[in-house]
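Chemist: Before I ask anything, let me first share the structure, which is written out below as structure tokens.
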Amino acid sequence: MATELTVLPTQTLDPYKGVKKIDLEEYFTSGHRTCQGCESALVMKLMAKAAGPRTVILGATGCMYVANTTYYSTSWVVPWMHTQLGAAGSAAVGTAAGLKVLMRKNRIKEEPINVIAFCGDGGGADMGLSSISAALTYPEYNFLILMYDNESYANTDIQLSGMTPYGANTTFSPPGKARRILHKRWKKNMAGMLAAGHPECRYVATVDASYALEMMNRIRKALTIGGPTFIHSLDPCPKGWDYDPIQSHTLGELAVETGVWPLFDIEDGVLKFYGKTKSIVQGRKRKPVREYLLRQGRFAHFTEEDIEYFQKKVDLMWNRWLIPGAVCVEMGDDIRKHLARAEQEVAAAEAN
Ligand SMILES: Cc1ncc(C[n+]2csc(CCOP(=O)(O)OP(=O)(O)O)c2C)c(N)n1
Ligand code: SF4
Ligand SMILES: [Mg+2]
């Protein structure tokens, strides 16, 4: 006989209807030592605010651990625990399971407590990918894994990660006379990959803190839906991307407007684009990628040819991928024909 899974209720965190409706309380406060203009610190602040006080936060090693818990001080107001660099997934499952057992045994009051584990791109997309993948197969636990992506191993001095964009100058890929472009790999698609391969994962989203309200509402949605959920945020990093900190917000916007960073969410398998990405899908023109690239010192060595190559790759994401910017699979001719036939059959059946 099949055993029913017990799933604890979640908090109902309704979407904020506007900035004036956002709670004033802060759960990630002053006292941290992140760089001026650090977008990942803003992600932490907005994430904690969106989740509210009944939340446990777990953080993998990286800038958002080291700079936020220095010399016996911390900016976290909610309970917080450090976990090993590649362990965000296992920390999330372990904590959600631990809380569930404590409640079942009446050791703590039964109430919905948010569990959020965060990791950087190095910790999440490289080292901890298997731990996140395993975590997303546990439907009986409620947790959110948030990967803040500053596109390098920033804390240890900007080494190249699997999320570093093509051609960027990092300490592992400095442009030189012999080879101008050392890093020739294209960035992975974490959100699309995790959604496509994890049917038990209830909610996946990409976010950008330049669109703070939309970002906070995606976090609230993930925590309300419950089960295993995943959010990927793209975070401009003045140190690693090499720009004046005042430009963080603009760069976050340009990433979306150029189509480099599409905003979408996938709820129970249904994908929707949102924000400015939605208007791009509906016909708004994407800005040229040069506007995004040339503001950053990490691309200062790019020639016209490099910019053109980058643009072509982004165009490919939009024009050929099965789901633009999300799922890097093209449909073969057979499938296109099959879908066209299926559409005709549906239209014919509806006409009768
Ligand atoms: C297993 C292990 N290897 C290496 C390190 C050293 N280390 C600490 S933070 C870090 C960079 C992590 O990069 P990322 O996850 O992208 O976070 P970021 O520093 O960019 O915020 C590294 C390599 C470590 N702490 N543990
Ligand atoms: S190196 Fe980048 S991610 Fe790290 S604290 Fe500085 S701005 Fe933030
Ligand atoms: Mg990083």
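Quick note on naming: the chains in the structure tokens go A, B, ... in the order shown, residues restart at 1 in each chain, and ligands are numbered from 1 in order of appearance.
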At a cut-off of 7 Å, using only C-alpha atoms, what residues contact Tyr292 in chain A? Leave out same-chain residues fewer than 5 positions from it and give the result as a PyMOL selection string.

Modeler: chain A and resi 251+254-255

Chemist: Suppose we keep all heavy atoms; can you now write the selection as a PDB file, in the first residue's frame?

Modeler:
ATOM      1  N   LEU A 251      23.176  48.163 -14.259  1.00  0.00           N
ATOM      2  CA  LEU A 251      23.655  46.920 -14.885  1.00  0.00           C
ATOM      3  C   LEU A 251      22.642  45.793 -14.715  1.00  0.00           C
ATOM      4  O   LEU A 251      22.444  44.980 -15.630  1.00  0.00           O
ATOM      5  CB  LEU A 251      25.008  46.518 -14.298  1.00  0.00           C
ATOM      6  CG  LEU A 251      26.191  47.262 -14.923  1.00  0.00           C
ATOM      7  CD1 LEU A 251      27.469  47.015 -14.140  1.00  0.00           C
ATOM      8  CD2 LEU A 251      26.380  46.848 -16.381  1.00  0.00           C
ATOM      9  N   LEU A 254      20.111  46.461 -17.332  1.00  0.00           N
ATOM     10  CA  LEU A 254      20.605  46.188 -18.683  1.00  0.00           C
ATOM     11  C   LEU A 254      20.707  44.686 -18.967  1.00  0.00           C
ATOM     12  O   LEU A 254      20.500  44.246 -20.097  1.00  0.00           O
ATOM     13  CB  LEU A 254      21.969  46.854 -18.894  1.00  0.00           C
ATOM     14  CG  LEU A 254      21.902  48.352 -19.221  1.00  0.00           C
ATOM     15  CD1 LEU A 254      23.290  48.980 -19.158  1.00  0.00           C
ATOM     16  CD2 LEU A 254      21.260  48.591 -20.588  1.00  0.00           C
ATOM     17  N   ALA A 255      21.030  43.916 -17.928  1.00  0.00           N
ATOM     18  CA  ALA A 255      21.110  42.463 -18.123  1.00  0.00           C
ATOM     19  C   ALA A 255      19.772  41.938 -18.643  1.00  0.00           C
ATOM     20  O   ALA A 255      19.719  41.079 -19.523  1.00  0.00           O
ATOM     21  CB  ALA A 255      21.493  41.770 -16.819  1.00  0.00           C
TER      22      ALA A 255
END

Chemist: Any idea what's packed within 8 Å of range 267-275 of chain A, counting only C-alpha atoms, ignoring anything in its chain fewer than 3 positions away? Could you give it as an mmCIF file with N, CA, C and O atoms, in the first residue's frame?

Modeler:
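Dumped everything to result.cif:
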data_model
loop_
_atom_site.group_PDB
_atom_site.id
_atom_site.type_symbol
_atom_site.label_atom_id
_atom_site.label_comp_id
_atom_site.auth_asym_id
_atom_site.auth_seq_id
_atom_site.Cartn_x
_atom_site.Cartn_y
_atom_site.Cartn_z
ATOM 1 N N ALA A 195 14.612 23.064 -13.420
ATOM 2 C CA ALA A 195 13.168 22.876 -13.640
ATOM 3 C C ALA A 195 12.925 21.684 -14.563
ATOM 4 O O ALA A 195 12.050 20.856 -14.304
ATOM 5 N N PRO A 199 10.928 16.931 -11.549
ATOM 6 C CA PRO A 199 9.464 17.062 -11.568
ATOM 7 C C PRO A 199 8.847 17.341 -10.191
ATOM 8 O O PRO A 199 7.729 17.839 -10.118
ATOM 9 N N CYS A 201 10.040 19.434 -8.049
ATOM 10 C CA CYS A 201 10.359 20.803 -7.635
ATOM 11 C C CYS A 201 9.158 21.689 -7.985
ATOM 12 O O CYS A 201 8.781 21.814 -9.147
ATOM 13 N N ARG A 202 8.561 22.306 -6.973
ATOM 14 C CA ARG A 202 7.277 22.990 -7.181
ATOM 15 C C ARG A 202 7.423 24.348 -7.871
ATOM 16 O O ARG A 202 6.516 24.830 -8.524
ATOM 17 N N TYR A 203 8.580 24.981 -7.653
ATOM 18 C CA TYR A 203 8.688 26.360 -8.157
ATOM 19 C C TYR A 203 10.137 26.700 -8.434
ATOM 20 O O TYR A 203 11.021 26.443 -7.607
ATOM 21 N N VAL A 204 10.369 27.269 -9.614
ATOM 22 C CA VAL A 204 11.714 27.727 -10.007
ATOM 23 C C VAL A 204 11.560 29.124 -10.582
ATOM 24 O O VAL A 204 10.602 29.391 -11.323
ATOM 25 N N GLU A 214 9.347 42.753 -7.745
ATOM 26 C CA GLU A 214 9.093 41.490 -8.445
ATOM 27 C C GLU A 214 9.928 40.364 -7.843
ATOM 28 O O GLU A 214 9.486 39.230 -7.721
ATOM 29 N N PRO A 262 17.064 36.587 -18.826
ATOM 30 C CA PRO A 262 15.601 36.553 -18.926
ATOM 31 C C PRO A 262 14.943 36.266 -17.566
ATOM 32 O O PRO A 262 15.432 35.419 -16.803
ATOM 33 N N LEU A 263 13.869 36.964 -17.300
ATOM 34 C CA LEU A 263 13.139 36.757 -16.044
ATOM 35 C C LEU A 263 11.940 35.848 -16.302
ATOM 36 O O LEU A 263 11.091 36.164 -17.136
ATOM 37 N N PHE A 264 11.895 34.717 -15.594
ATOM 38 C CA PHE A 264 10.748 33.813 -15.761
ATOM 39 C C PHE A 264 10.525 33.053 -14.476
ATOM 40 O O PHE A 264 11.411 32.972 -13.618
ATOM 41 N N LYS A 278 8.873 39.812 -20.215
ATOM 42 C CA LYS A 278 7.561 39.511 -20.816
ATOM 43 C C LYS A 278 7.325 40.442 -22.007
ATOM 44 O O LYS A 278 6.879 40.013 -23.063
ATOM 45 N N SER A 279 7.693 41.731 -21.828
ATOM 46 C CA SER A 279 7.450 42.637 -22.964
ATOM 47 C C SER A 279 8.392 42.320 -24.127
ATOM 48 O O SER A 279 8.026 42.531 -25.281
ATOM 49 N N VAL A 281 9.278 39.266 -24.930
ATOM 50 C CA VAL A 281 8.617 38.126 -25.565
ATOM 51 C C VAL A 281 7.428 38.607 -26.398
ATOM 52 O O VAL A 281 7.107 38.044 -27.444
#

Chemist: For Arg104 in chain A, please output as a list of chain:residue names all residues within 12 Å (counting only C-alpha atoms; exclusion window: fewer than 5 positions along the same chain).

Modeler: A:Thr6, A:Val7, A:Leu8, A:Ala97, A:Gly98, A:Leu99, A:Lys109, A:Glu110, A:Glu111

Chemist: Pick out the residues sitting within 9 Å of range 166-182 of chain A, and hand them over as a list in words; count only C-alpha atoms, and ignore anything fewer than 2 positions along from it in its own chain.

Modeler: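 What passes the distance filter is Ser152, Asp157, Ile158, Gln159, Leu160, Thr164, Lys184, Arg185, Trp186, Lys187, Gly240, Trp241, Gly297, Arg298, Phe299, Ala300, His301, Phe302, Asp306 and Phe310 of chain A.
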
Chemist: Ligand 3: which residues are within 9 Å, counting only C-alpha atoms and all ligand atoms, as a PyMOL selection string?

Modeler: chain A and resi 62-63+119-124+148-155+158-161+163-164

Chemist: If you count only C-alpha atoms, which residues fall within 9 Å of Arg290 in chain A, apart from same-chain ones fewer than 5 positions away, as a list of chain:residue names?

Modeler: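 My reading of the contact set: A:Thr258, A:Arg295, A:Ile307, A:Glu308, A:Phe310, A:Gln311.
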
Chemist: So that I can check the secondary structure, give me every residue of range 41-229 of chain A assigned strand (DSSP E or B) by backbone DSSP, as number ranges by chain.

Modeler: A: 55-60, 76, 80-83, 114-120, 143-149, 153, 159, 203-207, 228-229

Chemist: Using only C-alpha atoms and all ligand atoms, which of A:Met44, A:Val78, A:Met216, A:Ile145 sits nearest ligand 2?

Modeler: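 Using only C-alpha atoms and all ligand atoms, ligand 2 sits closest to A:Met44.
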
Chemist: Could you give me, as a CSV table (one decimal) with N, CA, C and O atoms, in the first residue's frame, the residues within 8 Å of range 38-40 of chain A, counting only C-alpha atoms and dropping anything in the same chain fewer than 6 positions from it?

Modeler:
chain,number,residue,atom,x,y,z
A,64,MET,N,28.7,36.1,0.8
A,64,MET,CA,27.6,36.3,1.7
A,64,MET,C,27.6,35.6,3.0
A,64,MET,O,26.8,35.8,3.9
A,148,TYR,N,22.7,33.0,-5.4
A,148,TYR,CA,23.1,34.4,-5.8
A,148,TYR,C,24.3,34.3,-6.7
A,148,TYR,O,25.3,33.8,-6.3
A,149,ASP,N,24.1,34.8,-7.9
A,149,ASP,CA,25.1,34.6,-8.9
A,149,ASP,C,25.9,35.9,-9.3
A,149,ASP,O,25.4,36.7,-10.0
A,150,ASN,N,27.1,36.0,-8.7
A,150,ASN,CA,27.9,37.2,-9.1
A,150,ASN,C,28.9,36.8,-10.1
A,150,ASN,O,29.9,37.5,-10.4
A,209,ALA,N,17.6,41.9,-8.6
A,209,ALA,CA,17.3,42.8,-7.5
A,209,ALA,C,17.1,44.2,-8.0
A,209,ALA,O,16.6,45.1,-7.2
A,235,ASP,N,23.5,38.9,-9.9
A,235,ASP,CA,23.9,40.0,-9.0
A,235,ASP,C,25.1,40.7,-9.5
A,235,ASP,O,26.3,40.2,-9.4
A,236,PRO,N,25.0,41.9,-10.0
A,236,PRO,CA,26.2,42.7,-10.4
A,236,PRO,C,27.1,42.9,-9.2
A,236,PRO,O,26.6,43.1,-8.0
A,237,CYS,N,28.4,42.7,-9.4
A,237,CYS,CA,29.4,42.7,-8.4
A,237,CYS,C,30.5,43.7,-8.8
A,237,CYS,O,31.3,43.4,-9.7
A,238,PRO,N,30.5,44.9,-8.2
A,238,PRO,CA,31.5,45.9,-8.6
A,238,PRO,C,32.9,45.5,-8.6
A,238,PRO,O,33.7,45.9,-9.5
A,245,PRO,N,30.6,51.4,-8.4
A,245,PRO,CA,29.5,50.8,-7.6
A,245,PRO,C,28.1,51.5,-7.9
A,245,PRO,O,27.1,50.9,-7.8
A,248,SER,N,25.5,49.6,-10.2
A,248,SER,CA,24.9,48.2,-9.9
A,248,SER,C,23.5,48.1,-10.4
A,248,SER,O,23.1,47.1,-11.1
A,249,HIS,N,22.6,49.1,-10.1
A,249,HIS,CA,21.2,49.0,-10.4
A,249,HIS,C,21.0,49.0,-11.9
A,249,HIS,O,20.3,48.2,-12.5

Chemist: Find, counting only C-alpha atoms and all ligand atoms, the residue in A:Ala67, A:Val289, A:Ile22, A:Ile116 that gets nearest to ligand 2.

Modeler: A:Ala67

Chemist: Just the number, please: distance in Å from CA of His338 in chain A to CA of Glu350 in chain A, one decimal.

Modeler: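 Here the two named atoms are 18.3 Å from each other.
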
Chemist: Write out as a PDB file with C-alpha atoms, in the first residue's frame the set of residues from range 118-284 of chain A that DSSP, computed on the backbone, places in alpha helix (DSSP H).

Modeler:
ATOM      1  CA  ASP A 121      27.381  30.377  -8.158  1.00  0.00           C
ATOM      2  CA  LEU A 129      25.043  21.030  -7.996  1.00  0.00           C
ATOM      3  CA  SER A 130      24.533  17.409  -6.951  1.00  0.00           C
ATOM      4  CA  SER A 131      23.411  18.421  -3.462  1.00  0.00           C
ATOM      5  CA  ILE A 132      20.858  20.882  -4.881  1.00  0.00           C
ATOM      6  CA  SER A 133      19.678  18.333  -7.429  1.00  0.00           C
ATOM      7  CA  ALA A 134      19.163  15.709  -4.704  1.00  0.00           C
ATOM      8  CA  ALA A 135      17.351  18.227  -2.474  1.00  0.00           C
ATOM      9  CA  MET A 190      20.685  26.690 -13.829  1.00  0.00           C
ATOM     10  CA  ALA A 191      16.996  27.572 -13.510  1.00  0.00           C
ATOM     11  CA  GLY A 192      16.016  25.924 -16.814  1.00  0.00           C
ATOM     12  CA  MET A 193      18.149  22.876 -16.080  1.00  0.00           C
ATOM     13  CA  LEU A 194      16.767  22.370 -12.567  1.00  0.00           C
ATOM     14  CA  ALA A 195      13.168  22.876 -13.640  1.00  0.00           C
ATOM     15  CA  ALA A 196      13.500  20.546 -16.621  1.00  0.00           C
ATOM     16  CA  GLY A 197      15.056  17.727 -14.605  1.00  0.00           C
ATOM     17  CA  ALA A 212      13.082  44.525  -6.178  1.00  0.00           C
ATOM     18  CA  LEU A 213       9.333  44.195  -5.801  1.00  0.00           C
ATOM     19  CA  GLU A 214       9.093  41.490  -8.445  1.00  0.00           C
ATOM     20  CA  MET A 215      12.006  39.714  -6.852  1.00  0.00           C
ATOM     21  CA  MET A 216      10.524  39.795  -3.333  1.00  0.00           C
ATOM     22  CA  ASN A 217       7.208  38.541  -4.633  1.00  0.00           C
ATOM     23  CA  ARG A 218       8.931  35.547  -6.264  1.00  0.00           C
ATOM     24  CA  ILE A 219      10.510  34.707  -2.915  1.00  0.00           C
ATOM     25  CA  ARG A 220       7.163  35.004  -1.167  1.00  0.00           C
ATOM     26  CA  LYS A 221       5.576  32.807  -3.810  1.00  0.00           C
ATOM     27  CA  ALA A 222       8.221  30.090  -3.440  1.00  0.00           C
ATOM     28  CA  LEU A 223       7.824  30.020   0.338  1.00  0.00           C
ATOM     29  CA  THR A 224       4.031  29.976   0.128  1.00  0.00           C
ATOM     30  CA  ILE A 225       3.916  27.169  -2.455  1.00  0.00           C
ATOM     31  CA  SER A 248      24.903  48.235  -9.943  1.00  0.00           C
ATOM     32  CA  HIS A 249      21.226  48.995 -10.408  1.00  0.00           C
ATOM     33  CA  THR A 250      21.648  50.038 -14.069  1.00  0.00           C
ATOM     34  CA  LEU A 251      23.655  46.920 -14.885  1.00  0.00           C
ATOM     35  CA  GLY A 252      20.952  44.749 -13.336  1.00  0.00           C
ATOM     36  CA  GLU A 253      18.405  46.457 -15.594  1.00  0.00           C
ATOM     37  CA  LEU A 254      20.605  46.188 -18.683  1.00  0.00           C
ATOM     38  CA  ALA A 255      21.110  42.463 -18.123  1.00  0.00           C
ATOM     39  CA  VAL A 256      17.348  42.059 -18.552  1.00  0.00           C
ATOM     40  CA  GLU A 257      16.851  44.676 -21.266  1.00  0.00           C
ATOM     41  CA  GLY A 275       8.528  41.984 -16.031  1.00  0.00           C
ATOM     42  CA  LYS A 276      10.520  43.488 -18.897  1.00  0.00           C
ATOM     43  CA  THR A 277      11.280  40.012 -20.265  1.00  0.00           C
ATOM     44  CA  LYS A 278       7.561  39.511 -20.816  1.00  0.00           C
ATOM     45  CA  SER A 279       7.450  42.637 -22.964  1.00  0.00           C
ATOM     46  CA  ILE A 280      10.467  41.370 -24.943  1.00  0.00           C
ATOM     47  CA  VAL A 281       8.617  38.126 -25.565  1.00  0.00           C
TER      48      VAL A 281
END

Chemist: Given only C-alpha atoms and all ligand atoms as the basis, pick out the residue of A:Gln344, A:Gln282, A:Thr156, A:Ser73 nearest to ligand 1.

Modeler: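 That would be A:Thr156, the residue with the smallest distance to ligand 1.
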
Chemist: Can you list, as a list in words, every protein, DNA or RNA residue that comes within 9 Å of Gly259 in chain A when you count only C-alpha atoms, leaving out same-chain residues fewer than 6 positions away?

Modeler: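 Contacts, in chain order: Thr277, Ile280, Arg286, Lys287, Pro288, Val289, Val314, Asp315, Met317, Trp318 and Gly325 of chain A.
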
Chemist: Can I get the selection written as a short mmCIF file (atom, residue, chain, number, x, y, z; two decimals), in the first residue's frame, with N, CA and C atoms?

Modeler:
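Below you can see out.cif, which holds the result:
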data_model
loop_
_atom_site.label_atom_id
_atom_site.label_comp_id
_atom_site.auth_asym_id
_atom_site.auth_seq_id
_atom_site.Cartn_x
_atom_site.Cartn_y
_atom_site.Cartn_z
N THR A 277 11.09 41.16 -19.36
CA THR A 277 11.28 40.01 -20.27
C THR A 277 9.97 39.67 -20.95
N ILE A 280 9.59 41.79 -23.84
CA ILE A 280 10.47 41.37 -24.94
C ILE A 280 9.81 40.21 -25.70
N ARG A 286 15.06 44.03 -27.94
CA ARG A 286 16.14 43.91 -26.95
C ARG A 286 17.19 44.98 -27.21
N LYS A 287 17.79 45.54 -26.13
CA LYS A 287 18.89 46.49 -26.34
C LYS A 287 20.13 45.71 -26.79
N PRO A 288 21.03 46.35 -27.55
CA PRO A 288 22.25 45.62 -27.95
C PRO A 288 23.10 45.26 -26.73
N VAL A 289 23.72 44.09 -26.76
CA VAL A 289 24.49 43.64 -25.59
C VAL A 289 25.69 44.55 -25.32
N VAL A 314 23.53 35.46 -27.78
CA VAL A 314 22.30 35.87 -27.09
C VAL A 314 21.11 35.78 -28.06
N ASP A 315 21.34 36.17 -29.32
CA ASP A 315 20.27 36.05 -30.33
C ASP A 315 19.84 34.59 -30.48
N MET A 317 19.95 32.29 -28.20
CA MET A 317 19.12 31.95 -27.04
C MET A 317 17.66 32.34 -27.27
N TRP A 318 17.49 33.48 -27.93
CA TRP A 318 16.13 34.01 -28.12
C TRP A 318 15.43 33.44 -29.35
N GLY A 325 15.94 31.73 -23.72
CA GLY A 325 16.73 32.08 -22.55
C GLY A 325 16.63 31.09 -21.40
#

Chemist: What does the structure give for the distance between CA of Leu85 in chain A and CA of Leu144 in chain A, in Å to one decimal?

Modeler: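 Taking CA of Leu85 in chain A as the start and CA of Leu144 in chain A as the end point, the length is 16.9 Å.
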
Chemist: Which residue out of A:Gly86, A:Pro228, A:Gly18, A:Gly37 has the minimum interatomic distance to ligand 1 when only C-alpha atoms and all ligand atoms are used?

Modeler: A:Gly86

Chemist: Which one of A:Ile113, A:Ala91, A:Glu25, A:Gly128 sits closest to ligand 1 if you count only C-alpha atoms and all ligand atoms?

Modeler: A:Gly128

Chemist: When you draw a straight line from CA of Met147 in chain A to CA of Met331 in chain A, how long is it in Å?

Modeler: 29.1 Å

Chemist: Name the closest residue to ligand 1 among the candidates A:His183, A:Lys20, A:Lys105, A:Lys239; distances are taken between atoms, counting only C-alpha atoms and all ligand atoms.

Modeler: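 Of A:His183, A:Lys20, A:Lys105, A:Lys239, the one nearest ligand 1, counting only C-alpha atoms and all ligand atoms, is A:Lys239.
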